[in-house]
file entry.cif (mmCIF, N, CA and C atoms)
data_upload
#
loop_
_atom_site.label_atom_id
_atom_site.label_comp_id
_atom_site.auth_asym_id
_atom_site.auth_seq_id
_atom_site.Cartn_x
_atom_site.Cartn_y
_atom_site.Cartn_z
N MET O 3 47.39 64.38 126.99
CA MET O 3 48.61 64.43 126.21
C MET O 3 49.78 64.65 127.17
N GLY O 4 50.81 63.82 127.05
CA GLY O 4 51.93 63.89 127.96
C GLY O 4 52.92 64.98 127.59
N ALA O 5 53.85 65.18 128.49
CA ALA O 5 54.90 66.18 128.27
C ALA O 5 55.83 65.73 127.15
N SER O 6 56.38 66.68 126.44
CA SER O 6 57.35 66.36 125.39
C SER O 6 58.67 65.90 126.03
N PHE O 7 59.49 65.25 125.24
CA PHE O 7 60.83 64.87 125.71
C PHE O 7 61.56 66.12 126.19
N TYR O 8 61.44 67.19 125.43
CA TYR O 8 62.06 68.48 125.77
C TYR O 8 61.70 68.89 127.20
N GLU O 9 60.42 68.87 127.51
CA GLU O 9 59.97 69.25 128.86
C GLU O 9 60.41 68.23 129.90
N THR O 10 60.34 66.96 129.55
CA THR O 10 60.66 65.89 130.49
C THR O 10 62.10 65.98 130.98
N VAL O 11 63.02 66.37 130.08
CA VAL O 11 64.44 66.40 130.48
C VAL O 11 64.89 67.75 131.02
N GLY O 12 63.97 68.70 131.13
CA GLY O 12 64.33 69.97 131.76
C GLY O 12 64.31 71.18 130.85
N GLY O 13 63.86 71.02 129.61
CA GLY O 13 63.71 72.16 128.72
C GLY O 13 65.01 72.82 128.31
N ARG O 14 64.93 74.11 128.05
CA ARG O 14 66.06 74.87 127.51
C ARG O 14 67.35 74.73 128.32
N PRO O 15 67.32 74.83 129.65
CA PRO O 15 68.59 74.71 130.38
C PRO O 15 69.35 73.40 130.08
N THR O 16 68.61 72.31 129.93
CA THR O 16 69.25 71.03 129.63
C THR O 16 69.91 71.07 128.26
N PHE O 17 69.21 71.58 127.28
CA PHE O 17 69.77 71.61 125.93
C PHE O 17 70.89 72.66 125.80
N GLU O 18 70.78 73.75 126.55
CA GLU O 18 71.87 74.73 126.57
C GLU O 18 73.15 74.09 127.10
N LYS O 19 73.03 73.33 128.17
CA LYS O 19 74.20 72.66 128.74
C LYS O 19 74.77 71.64 127.77
N LEU O 20 73.90 70.84 127.16
CA LEU O 20 74.33 69.83 126.20
C LEU O 20 75.16 70.48 125.09
N VAL O 21 74.63 71.51 124.50
CA VAL O 21 75.28 72.15 123.36
C VAL O 21 76.55 72.88 123.80
N HIS O 22 76.52 73.51 124.94
CA HIS O 22 77.71 74.23 125.42
C HIS O 22 78.87 73.28 125.69
N VAL O 23 78.60 72.21 126.39
CA VAL O 23 79.66 71.23 126.68
C VAL O 23 80.17 70.62 125.37
N PHE O 24 79.27 70.32 124.45
CA PHE O 24 79.69 69.79 123.15
C PHE O 24 80.66 70.74 122.46
N TYR O 25 80.32 72.01 122.37
CA TYR O 25 81.18 72.95 121.65
C TYR O 25 82.47 73.26 122.40
N GLU O 26 82.50 73.04 123.70
CA GLU O 26 83.79 73.14 124.41
C GLU O 26 84.78 72.12 123.85
N GLY O 27 84.29 70.93 123.55
CA GLY O 27 85.14 69.90 122.95
C GLY O 27 85.50 70.23 121.51
N VAL O 28 84.54 70.70 120.74
CA VAL O 28 84.77 71.04 119.33
C VAL O 28 85.82 72.14 119.20
N ALA O 29 85.83 73.08 120.13
CA ALA O 29 86.73 74.24 120.06
C ALA O 29 88.19 73.84 119.91
N ASP O 30 88.57 72.72 120.49
CA ASP O 30 89.97 72.28 120.45
C ASP O 30 90.19 71.07 119.56
N ASP O 31 89.20 70.71 118.78
CA ASP O 31 89.32 69.52 117.94
C ASP O 31 89.90 69.90 116.57
N PRO O 32 91.05 69.34 116.21
CA PRO O 32 91.70 69.74 114.95
C PRO O 32 90.96 69.31 113.69
N VAL O 33 90.06 68.37 113.78
CA VAL O 33 89.29 67.94 112.61
C VAL O 33 87.96 68.70 112.52
N LEU O 34 87.27 68.84 113.63
CA LEU O 34 85.95 69.47 113.61
C LEU O 34 85.99 71.00 113.61
N ARG O 35 86.92 71.59 114.33
CA ARG O 35 86.93 73.05 114.44
C ARG O 35 86.97 73.75 113.09
N PRO O 36 87.78 73.27 112.12
CA PRO O 36 87.81 73.94 110.81
C PRO O 36 86.48 73.90 110.05
N MET O 37 85.56 73.06 110.47
CA MET O 37 84.26 73.00 109.80
C MET O 37 83.37 74.18 110.19
N TYR O 38 83.81 74.96 111.17
CA TYR O 38 83.05 76.12 111.64
C TYR O 38 83.83 77.37 111.25
N PRO O 39 83.44 78.00 110.15
CA PRO O 39 84.22 79.12 109.63
C PRO O 39 84.21 80.36 110.52
N GLU O 40 83.20 80.50 111.36
CA GLU O 40 83.13 81.67 112.22
C GLU O 40 84.22 81.60 113.30
N GLU O 41 84.78 82.76 113.60
CA GLU O 41 85.79 82.87 114.66
C GLU O 41 85.20 82.41 116.00
N ASP O 42 83.98 82.83 116.23
CA ASP O 42 83.27 82.54 117.47
C ASP O 42 82.32 81.36 117.23
N LEU O 43 82.35 80.37 118.08
CA LEU O 43 81.45 79.23 117.93
C LEU O 43 80.04 79.52 118.45
N GLY O 44 79.84 80.70 119.00
CA GLY O 44 78.53 81.07 119.55
C GLY O 44 77.38 80.91 118.57
N PRO O 45 77.50 81.40 117.31
CA PRO O 45 76.40 81.23 116.37
C PRO O 45 76.11 79.75 116.06
N ALA O 46 77.14 78.94 115.95
CA ALA O 46 76.93 77.50 115.72
C ALA O 46 76.24 76.87 116.92
N GLU O 47 76.65 77.29 118.10
CA GLU O 47 76.04 76.78 119.33
C GLU O 47 74.56 77.12 119.36
N GLU O 48 74.23 78.34 118.98
CA GLU O 48 72.82 78.76 118.98
C GLU O 48 72.01 77.97 117.95
N ARG O 49 72.58 77.76 116.76
CA ARG O 49 71.85 77.00 115.73
C ARG O 49 71.57 75.57 116.19
N LEU O 50 72.57 74.91 116.77
CA LEU O 50 72.36 73.54 117.24
C LEU O 50 71.35 73.52 118.38
N LEU O 51 71.44 74.47 119.28
CA LEU O 51 70.48 74.55 120.38
C LEU O 51 69.06 74.67 119.84
N LEU O 52 68.85 75.60 118.91
CA LEU O 52 67.51 75.79 118.35
C LEU O 52 67.01 74.55 117.63
N PHE O 53 67.91 73.90 116.88
CA PHE O 53 67.52 72.68 116.18
C PHE O 53 67.10 71.59 117.16
N LEU O 54 67.94 71.33 118.17
CA LEU O 54 67.63 70.26 119.12
C LEU O 54 66.38 70.57 119.93
N GLU O 55 66.20 71.82 120.31
CA GLU O 55 64.98 72.18 121.03
C GLU O 55 63.75 71.85 120.19
N GLN O 56 63.78 72.26 118.93
CA GLN O 56 62.63 72.02 118.06
C GLN O 56 62.42 70.53 117.84
N TYR O 57 63.49 69.80 117.57
CA TYR O 57 63.38 68.37 117.30
C TYR O 57 62.71 67.63 118.46
N TRP O 58 63.08 68.02 119.69
CA TRP O 58 62.61 67.30 120.86
C TRP O 58 61.32 67.85 121.46
N GLY O 59 60.65 68.77 120.75
CA GLY O 59 59.34 69.22 121.20
C GLY O 59 59.30 70.57 121.86
N GLY O 60 60.39 71.32 121.77
CA GLY O 60 60.42 72.68 122.30
C GLY O 60 59.96 73.68 121.25
N PRO O 61 60.33 74.93 121.42
CA PRO O 61 59.90 75.98 120.49
C PRO O 61 60.33 75.70 119.04
N GLY O 62 59.56 76.19 118.10
CA GLY O 62 59.84 76.01 116.67
C GLY O 62 60.69 77.13 116.09
N THR O 63 61.50 77.75 116.91
CA THR O 63 62.31 78.90 116.48
C THR O 63 63.27 78.56 115.35
N TYR O 64 63.82 77.35 115.36
CA TYR O 64 64.77 76.98 114.31
C TYR O 64 64.12 77.14 112.94
N SER O 65 62.98 76.53 112.74
CA SER O 65 62.30 76.61 111.43
C SER O 65 61.85 78.02 111.11
N GLU O 66 61.42 78.77 112.12
CA GLU O 66 61.01 80.15 111.90
C GLU O 66 62.17 80.98 111.37
N GLN O 67 63.37 80.75 111.88
CA GLN O 67 64.54 81.53 111.49
C GLN O 67 65.28 80.98 110.28
N ARG O 68 65.32 79.65 110.16
CA ARG O 68 66.19 79.04 109.16
C ARG O 68 65.48 78.16 108.14
N GLY O 69 64.20 77.92 108.31
CA GLY O 69 63.48 77.04 107.40
C GLY O 69 63.65 75.58 107.80
N HIS O 70 63.34 74.70 106.87
CA HIS O 70 63.45 73.26 107.12
C HIS O 70 64.90 72.90 107.47
N PRO O 71 65.11 72.00 108.43
CA PRO O 71 66.48 71.66 108.83
C PRO O 71 67.39 71.15 107.71
N ARG O 72 66.89 70.28 106.84
CA ARG O 72 67.71 69.76 105.72
C ARG O 72 69.15 69.47 106.16
N LEU O 73 69.29 68.62 107.14
CA LEU O 73 70.61 68.38 107.73
C LEU O 73 71.66 67.93 106.73
N ARG O 74 71.34 66.98 105.89
CA ARG O 74 72.34 66.50 104.92
C ARG O 74 72.75 67.62 103.97
N MET O 75 71.80 68.38 103.51
CA MET O 75 72.12 69.47 102.60
C MET O 75 73.00 70.52 103.28
N ARG O 76 72.67 70.88 104.50
CA ARG O 76 73.43 71.90 105.22
C ARG O 76 74.86 71.45 105.51
N HIS O 77 75.09 70.16 105.56
CA HIS O 77 76.43 69.65 105.84
C HIS O 77 77.16 69.17 104.60
N ALA O 78 76.53 69.27 103.44
CA ALA O 78 77.11 68.75 102.20
C ALA O 78 78.44 69.41 101.84
N GLY O 79 78.64 70.64 102.21
CA GLY O 79 79.87 71.34 101.88
C GLY O 79 81.06 70.96 102.74
N PHE O 80 80.85 70.11 103.70
CA PHE O 80 81.91 69.70 104.62
C PHE O 80 82.23 68.23 104.42
N LYS O 81 83.48 67.89 104.60
CA LYS O 81 83.90 66.49 104.48
C LYS O 81 83.59 65.80 105.82
N VAL O 82 82.48 65.09 105.83
CA VAL O 82 82.07 64.37 107.04
C VAL O 82 82.36 62.90 106.79
N ASN O 83 83.53 62.50 107.24
CA ASN O 83 83.95 61.11 107.08
C ASN O 83 83.80 60.38 108.42
N PRO O 84 84.08 59.09 108.47
CA PRO O 84 83.92 58.36 109.74
C PRO O 84 84.74 58.95 110.89
N ASP O 85 85.93 59.48 110.61
CA ASP O 85 86.73 60.10 111.67
C ASP O 85 86.00 61.32 112.24
N ALA O 86 85.49 62.18 111.37
CA ALA O 86 84.75 63.36 111.83
C ALA O 86 83.51 62.94 112.62
N ARG O 87 82.81 61.94 112.12
CA ARG O 87 81.62 61.42 112.82
C ARG O 87 81.98 60.93 114.21
N ASP O 88 83.05 60.16 114.31
CA ASP O 88 83.44 59.60 115.60
C ASP O 88 83.89 60.69 116.58
N ARG O 89 84.56 61.71 116.07
CA ARG O 89 84.97 62.83 116.92
C ARG O 89 83.73 63.59 117.41
N TRP O 90 82.78 63.81 116.49
CA TRP O 90 81.54 64.49 116.85
C TRP O 90 80.83 63.70 117.95
N LEU O 91 80.76 62.40 117.77
CA LEU O 91 80.10 61.56 118.77
C LEU O 91 80.85 61.56 120.11
N ALA O 92 82.17 61.58 120.07
CA ALA O 92 82.94 61.61 121.32
C ALA O 92 82.64 62.88 122.12
N HIS O 93 82.61 64.01 121.44
CA HIS O 93 82.30 65.27 122.13
C HIS O 93 80.85 65.28 122.60
N MET O 94 79.97 64.72 121.80
CA MET O 94 78.56 64.69 122.19
C MET O 94 78.35 63.71 123.36
N ARG O 95 79.12 62.63 123.39
CA ARG O 95 79.01 61.68 124.51
C ARG O 95 79.39 62.38 125.82
N THR O 96 80.46 63.16 125.78
CA THR O 96 80.86 63.93 126.96
C THR O 96 79.74 64.87 127.39
N ALA O 97 79.11 65.51 126.42
CA ALA O 97 78.03 66.45 126.71
C ALA O 97 76.80 65.73 127.29
N VAL O 98 76.44 64.61 126.71
CA VAL O 98 75.30 63.84 127.22
C VAL O 98 75.58 63.38 128.65
N ASP O 99 76.79 62.90 128.89
CA ASP O 99 77.14 62.44 130.24
C ASP O 99 77.05 63.56 131.26
N ALA O 100 77.35 64.79 130.84
CA ALA O 100 77.31 65.94 131.74
C ALA O 100 75.89 66.27 132.20
N LEU O 101 74.90 65.77 131.47
CA LEU O 101 73.51 66.07 131.82
C LEU O 101 72.98 65.23 132.97
N ASP O 102 73.56 64.06 133.17
CA ASP O 102 73.11 63.16 134.24
C ASP O 102 71.60 62.90 134.15
N LEU O 103 71.18 62.52 132.96
CA LEU O 103 69.76 62.24 132.72
C LEU O 103 69.37 60.86 133.27
N PRO O 104 68.08 60.65 133.50
CA PRO O 104 67.62 59.31 133.84
C PRO O 104 67.97 58.36 132.68
N PRO O 105 68.21 57.09 132.97
CA PRO O 105 68.68 56.15 131.94
C PRO O 105 67.86 56.11 130.66
N LEU O 106 66.54 56.07 130.75
CA LEU O 106 65.74 55.99 129.54
C LEU O 106 65.87 57.26 128.70
N ALA O 107 65.89 58.41 129.34
CA ALA O 107 66.05 59.67 128.61
C ALA O 107 67.43 59.74 127.96
N GLU O 108 68.44 59.32 128.68
CA GLU O 108 69.80 59.31 128.13
C GLU O 108 69.88 58.39 126.91
N GLU O 109 69.31 57.21 127.03
CA GLU O 109 69.34 56.25 125.93
C GLU O 109 68.58 56.79 124.72
N THR O 110 67.45 57.43 124.95
CA THR O 110 66.66 57.99 123.86
C THR O 110 67.44 59.08 123.13
N LEU O 111 68.03 59.99 123.89
CA LEU O 111 68.81 61.07 123.30
C LEU O 111 70.03 60.54 122.56
N TRP O 112 70.75 59.63 123.20
CA TRP O 112 71.98 59.10 122.60
C TRP O 112 71.68 58.30 121.32
N ASP O 113 70.61 57.56 121.33
CA ASP O 113 70.23 56.81 120.14
C ASP O 113 70.00 57.75 118.96
N TYR O 114 69.28 58.83 119.18
CA TYR O 114 69.05 59.81 118.12
C TYR O 114 70.37 60.42 117.64
N LEU O 115 71.21 60.83 118.57
CA LEU O 115 72.47 61.49 118.20
C LEU O 115 73.37 60.55 117.39
N GLN O 116 73.40 59.29 117.76
CA GLN O 116 74.19 58.33 116.98
C GLN O 116 73.63 58.17 115.57
N ARG O 117 72.33 58.00 115.46
CA ARG O 117 71.72 57.84 114.14
C ARG O 117 71.95 59.08 113.28
N ALA O 118 71.82 60.25 113.87
CA ALA O 118 72.04 61.50 113.14
C ALA O 118 73.49 61.60 112.67
N ALA O 119 74.43 61.25 113.53
CA ALA O 119 75.85 61.33 113.17
C ALA O 119 76.18 60.38 112.02
N PHE O 120 75.66 59.18 112.07
CA PHE O 120 75.93 58.22 111.00
C PHE O 120 75.29 58.69 109.69
N ALA O 121 74.14 59.33 109.77
CA ALA O 121 73.46 59.81 108.57
C ALA O 121 74.19 60.97 107.91
N MET O 122 75.01 61.68 108.64
CA MET O 122 75.71 62.84 108.10
C MET O 122 76.97 62.48 107.31
N VAL O 123 77.45 61.26 107.45
CA VAL O 123 78.66 60.85 106.73
C VAL O 123 78.39 60.97 105.23
N ASN O 124 79.26 61.73 104.56
CA ASN O 124 79.07 61.95 103.13
C ASN O 124 80.31 61.59 102.30
N THR O 125 81.34 61.06 102.96
CA THR O 125 82.53 60.60 102.24
C THR O 125 83.29 59.61 103.12
N PHE O 126 84.06 58.75 102.47
CA PHE O 126 84.93 57.84 103.21
C PHE O 126 86.38 58.19 102.95
N GLU O 127 86.60 59.33 102.31
CA GLU O 127 87.96 59.81 102.09
C GLU O 127 88.52 60.37 103.38
N GLU O 128 89.83 60.25 103.52
CA GLU O 128 90.48 60.81 104.72
C GLU O 128 90.54 62.30 104.67
#
call {"tool": "encode", "arguments": {"input": "entry.cif", "output": "structure tokens"}}
result
Amino acid sequence: MGASFYETVGGRPTFEKLVHVFYEGVADDPVLRPMYPEEDLGPAEERLLLFLEQYWGGPGTYSEQRGHPRLRMRHAGFKVNPDARDRWLAHMRTAVDALDLPPLAEETLWDYLQRAAFAMVNTFEE
């Protein structure tokens, strides 16, 4: 049995960097920042880290702490329109680029992130 994607790309340090760089962008984004009611983005950063780790074959801590991911349900209370999706993807693109992954790993990760972002759109209202 081969290594998981999580292990292949460097495990927790890689995903910590991805999520940290992503939230650096979110912190100053006038559309996305209001979607995080907490003053400190640290708890959101931790939740995304745990989710991505679990998704890619790392520890199952996310489900242990929060249950099934239910991504659409968890985001239903927020207006996720194409503008929000594109902003999310722009910040995530910066974060993925910061990882300097091998091309196949980068493409695999980016493909998932794009599909996830498009799936979260729940309105076309501005």
call {"tool": "residues_around", "arguments": {"input": "entry.cif", "residues": "stretch 4-11 of chain O", "least_positions_apart": "5", "cutoff": "7 Å", "atoms": "all atoms listed in the file", "output": "compact mmCIF listing (two decimals) with N, CA and C atoms, in the frame of the given file"}}
result
# COMPACT_ATOMS: atom_id res chain seq x y z
N THR O 16 68.61 72.31 129.93
CA THR O 16 69.25 71.03 129.63
C THR O 16 69.91 71.07 128.26
N PHE O 17 69.21 71.58 127.28
CA PHE O 17 69.77 71.61 125.93
C PHE O 17 70.89 72.66 125.80
N GLU O 55 66.20 71.82 120.31
CA GLU O 55 64.98 72.18 121.03
C GLU O 55 63.75 71.85 120.19
N TRP O 58 63.08 68.02 119.69
CA TRP O 58 62.61 67.30 120.86
C TRP O 58 61.32 67.85 121.46
N GLY O 59 60.65 68.77 120.75
CA GLY O 59 59.34 69.22 121.20
C GLY O 59 59.30 70.57 121.86
N GLY O 60 60.39 71.32 121.77
CA GLY O 60 60.42 72.68 122.30
C GLY O 60 59.96 73.68 121.25
call {"tool": "select_by_dssp", "arguments": {"input": "entry.cif", "residues": "chain O", "states": "helix (DSSP H, G or I)", "output": "PyMOL selection string"}}
result
chain O and resi 7-10+14-29+35-37+44-57+63-68+73-77+84-101+105-122
call {"tool": "atom_distance", "arguments": {"input": "entry.cif", "atom1": "atom N of O:Glu127", "atom2": "atom CA of O:Leu50"}}
result
25.1 Å
call {"tool": "atom_distance", "arguments": {"input": "entry.cif", "atom1": "atom C of O:Gly13", "atom2": "atom CA of O:Pro36"}}
result
28.8 Å
call {"tool": "residues_around", "arguments": {"input": "entry.cif", "residues": "O:Ala97", "least_positions_apart": "6", "cutoff": "5 Å", "atoms": "only N, CA and C atoms", "output": "list in words"}}
result
Leu20, Val23 and Phe24 of chain O
call {"tool": "atom_distance", "arguments": {"input": "entry.cif", "atom1": "atom CA of O:Gly62", "atom2": "atom CA of O:Glu109"}}
result
23.8 Å
call {"tool": "closest_residue", "arguments": {"input": "entry.cif", "among": "O:Glu108, O:Asp102, O:Asp88, O:Glu48", "to": "O:Asp31", "atoms": "only C-alpha atoms"}}
result
O:Asp88
call {"tool": "residues_near_point", "arguments": {"input": "entry.cif", "point": "(81.8, 66.7, 111.7)", "cutoff": "8 Å", "atoms": "all atoms listed in the file", "output": "PyMOL selection string"}}
result
chain O and resi 33-35+37+80-83+85-91+122
call {"tool": "closest_residue", "arguments": {"input": "entry.cif", "among": "O:Arg117, O:Val123, O:Leu101, O:Pro39", "to": "O:Lys19", "atoms": "only C-alpha atoms"}}
result
O:Leu101
call {"tool": "build_atoms", "arguments": {"input": "entry.cif", "residues": "stretch 79-90 of chain O", "atoms": "all heavy atoms", "output": "PDB file, in the frame of the given file"}}
result
ATOM      1  N   GLY O  79      78.640  70.640 102.210  1.00  0.00           N
ATOM      2  CA  GLY O  79      79.870  71.340 101.880  1.00  0.00           C
ATOM      3  C   GLY O  79      81.060  70.960 102.740  1.00  0.00           C
ATOM      4  O   GLY O  79      82.178  71.439 102.523  1.00  0.00           O
ATOM      5  N   PHE O  80      80.850  70.110 103.700  1.00  0.00           N
ATOM      6  CA  PHE O  80      81.910  69.700 104.620  1.00  0.00           C
ATOM      7  C   PHE O  80      82.230  68.230 104.420  1.00  0.00           C
ATOM      8  O   PHE O  80      81.347  67.434 104.119  1.00  0.00           O
ATOM      9  CB  PHE O  80      81.487  69.928 106.074  1.00  0.00           C
ATOM     10  CG  PHE O  80      81.126  71.352 106.347  1.00  0.00           C
ATOM     11  CD1 PHE O  80      79.801  71.756 106.376  1.00  0.00           C
ATOM     12  CD2 PHE O  80      82.112  72.302 106.551  1.00  0.00           C
ATOM     13  CE1 PHE O  80      79.456  73.071 106.612  1.00  0.00           C
ATOM     14  CE2 PHE O  80      81.786  73.626 106.803  1.00  0.00           C
ATOM     15  CZ  PHE O  80      80.449  74.011 106.830  1.00  0.00           C
ATOM     16  N   LYS O  81      83.480  67.890 104.600  1.00  0.00           N
ATOM     17  CA  LYS O  81      83.900  66.490 104.480  1.00  0.00           C
ATOM     18  C   LYS O  81      83.590  65.800 105.820  1.00  0.00           C
ATOM     19  O   LYS O  81      84.330  65.943 106.788  1.00  0.00           O
ATOM     20  CB  LYS O  81      85.393  66.403 104.158  1.00  0.00           C
ATOM     21  CG  LYS O  81      85.864  64.985 103.934  1.00  0.00           C
ATOM     22  CD  LYS O  81      87.273  64.943 103.398  1.00  0.00           C
ATOM     23  CE  LYS O  81      88.253  64.981 104.546  1.00  0.00           C
ATOM     24  NZ  LYS O  81      89.635  64.767 104.108  1.00  0.00           N
ATOM     25  N   VAL O  82      82.480  65.090 105.830  1.00  0.00           N
ATOM     26  CA  VAL O  82      82.070  64.370 107.040  1.00  0.00           C
ATOM     27  C   VAL O  82      82.360  62.900 106.790  1.00  0.00           C
ATOM     28  O   VAL O  82      81.574  62.175 106.195  1.00  0.00           O
ATOM     29  CB  VAL O  82      80.582  64.602 107.367  1.00  0.00           C
ATOM     30  CG1 VAL O  82      80.211  63.882 108.662  1.00  0.00           C
ATOM     31  CG2 VAL O  82      80.259  66.090 107.456  1.00  0.00           C
ATOM     32  N   ASN O  83      83.530  62.500 107.240  1.00  0.00           N
ATOM     33  CA  ASN O  83      83.950  61.110 107.080  1.00  0.00           C
ATOM     34  C   ASN O  83      83.800  60.380 108.420  1.00  0.00           C
ATOM     35  O   ASN O  83      83.390  60.997 109.416  1.00  0.00           O
ATOM     36  CB  ASN O  83      85.382  61.037 106.532  1.00  0.00           C
ATOM     37  CG  ASN O  83      86.400  61.670 107.463  1.00  0.00           C
ATOM     38  OD1 ASN O  83      86.162  61.880 108.644  1.00  0.00           O
ATOM     39  ND2 ASN O  83      87.564  61.990 106.915  1.00  0.00           N
ATOM     40  N   PRO O  84      84.080  59.090 108.470  1.00  0.00           N
ATOM     41  CA  PRO O  84      83.920  58.360 109.740  1.00  0.00           C
ATOM     42  C   PRO O  84      84.740  58.950 110.890  1.00  0.00           C
ATOM     43  O   PRO O  84      84.288  58.945 112.035  1.00  0.00           O
ATOM     44  CB  PRO O  84      84.345  56.944 109.388  1.00  0.00           C
ATOM     45  CG  PRO O  84      83.940  56.798 107.951  1.00  0.00           C
ATOM     46  CD  PRO O  84      84.295  58.142 107.344  1.00  0.00           C
ATOM     47  N   ASP O  85      85.930  59.480 110.610  1.00  0.00           N
ATOM     48  CA  ASP O  85      86.730  60.100 111.670  1.00  0.00           C
ATOM     49  C   ASP O  85      86.000  61.320 112.240  1.00  0.00           C
ATOM     50  O   ASP O  85      85.895  61.474 113.464  1.00  0.00           O
ATOM     51  CB  ASP O  85      88.110  60.487 111.149  1.00  0.00           C
ATOM     52  CG  ASP O  85      88.969  61.129 112.230  1.00  0.00           C
ATOM     53  OD1 ASP O  85      88.998  60.616 113.374  1.00  0.00           O
ATOM     54  OD2 ASP O  85      89.624  62.153 111.929  1.00  0.00           O
ATOM     55  N   ALA O  86      85.490  62.180 111.370  1.00  0.00           N
ATOM     56  CA  ALA O  86      84.750  63.360 111.830  1.00  0.00           C
ATOM     57  C   ALA O  86      83.510  62.940 112.620  1.00  0.00           C
ATOM     58  O   ALA O  86      83.198  63.513 113.667  1.00  0.00           O
ATOM     59  CB  ALA O  86      84.373  64.239 110.642  1.00  0.00           C
ATOM     60  N   ARG O  87      82.810  61.940 112.120  1.00  0.00           N
ATOM     61  CA  ARG O  87      81.620  61.420 112.820  1.00  0.00           C
ATOM     62  C   ARG O  87      81.980  60.930 114.210  1.00  0.00           C
ATOM     63  O   ARG O  87      81.323  61.275 115.200  1.00  0.00           O
ATOM     64  CB  ARG O  87      81.007  60.266 112.013  1.00  0.00           C
ATOM     65  CG  ARG O  87      79.845  59.578 112.720  1.00  0.00           C
ATOM     66  CD  ARG O  87      79.633  58.160 112.237  1.00  0.00           C
ATOM     67  NE  ARG O  87      80.789  57.330 112.483  1.00  0.00           N
ATOM     68  CZ  ARG O  87      81.181  56.336 111.693  1.00  0.00           C
ATOM     69  NH1 ARG O  87      80.517  56.039 110.589  1.00  0.00           N
ATOM     70  NH2 ARG O  87      82.246  55.615 111.998  1.00  0.00           N
ATOM     71  N   ASP O  88      83.050  60.160 114.310  1.00  0.00           N
ATOM     72  CA  ASP O  88      83.440  59.600 115.600  1.00  0.00           C
ATOM     73  C   ASP O  88      83.890  60.690 116.580  1.00  0.00           C
ATOM     74  O   ASP O  88      83.624  60.605 117.781  1.00  0.00           O
ATOM     75  CB  ASP O  88      84.537  58.555 115.419  1.00  0.00           C
ATOM     76  CG  ASP O  88      84.040  57.317 114.691  1.00  0.00           C
ATOM     77  OD1 ASP O  88      82.804  57.145 114.543  1.00  0.00           O
ATOM     78  OD2 ASP O  88      84.893  56.517 114.250  1.00  0.00           O
ATOM     79  N   ARG O  89      84.560  61.710 116.070  1.00  0.00           N
ATOM     80  CA  ARG O  89      84.970  62.830 116.920  1.00  0.00           C
ATOM     81  C   ARG O  89      83.730  63.590 117.410  1.00  0.00           C
ATOM     82  O   ARG O  89      83.640  63.978 118.568  1.00  0.00           O
ATOM     83  CB  ARG O  89      85.894  63.772 116.159  1.00  0.00           C
ATOM     84  CG  ARG O  89      87.276  63.201 115.942  1.00  0.00           C
ATOM     85  CD  ARG O  89      88.065  64.061 114.951  1.00  0.00           C
ATOM     86  NE  ARG O  89      89.405  63.574 114.771  1.00  0.00           N
ATOM     87  CZ  ARG O  89      90.450  63.958 115.496  1.00  0.00           C
ATOM     88  NH1 ARG O  89      90.302  64.848 116.448  1.00  0.00           N
ATOM     89  NH2 ARG O  89      91.636  63.461 115.264  1.00  0.00           N
ATOM     90  N   TRP O  90      82.780  63.810 116.490  1.00  0.00           N
ATOM     91  CA  TRP O  90      81.540  64.490 116.850  1.00  0.00           C
ATOM     92  C   TRP O  90      80.830  63.700 117.950  1.00  0.00           C
ATOM     93  O   TRP O  90      80.393  64.276 118.954  1.00  0.00           O
ATOM     94  CB  TRP O  90      80.657  64.598 115.608  1.00  0.00           C
ATOM     95  CG  TRP O  90      79.457  65.474 115.750  1.00  0.00           C
ATOM     96  CD1 TRP O  90      79.370  66.799 115.446  1.00  0.00           C
ATOM     97  CD2 TRP O  90      78.153  65.086 116.226  1.00  0.00           C
ATOM     98  NE1 TRP O  90      78.096  67.256 115.700  1.00  0.00           N
ATOM     99  CE2 TRP O  90      77.335  66.227 116.174  1.00  0.00           C
ATOM    100  CE3 TRP O  90      77.614  63.885 116.672  1.00  0.00           C
ATOM    101  CZ2 TRP O  90      75.996  66.202 116.567  1.00  0.00           C
ATOM    102  CZ3 TRP O  90      76.282  63.862 117.068  1.00  0.00           C
ATOM    103  CH2 TRP O  90      75.490  65.002 117.014  1.00  0.00           C
TER     104      TRP O  90
END
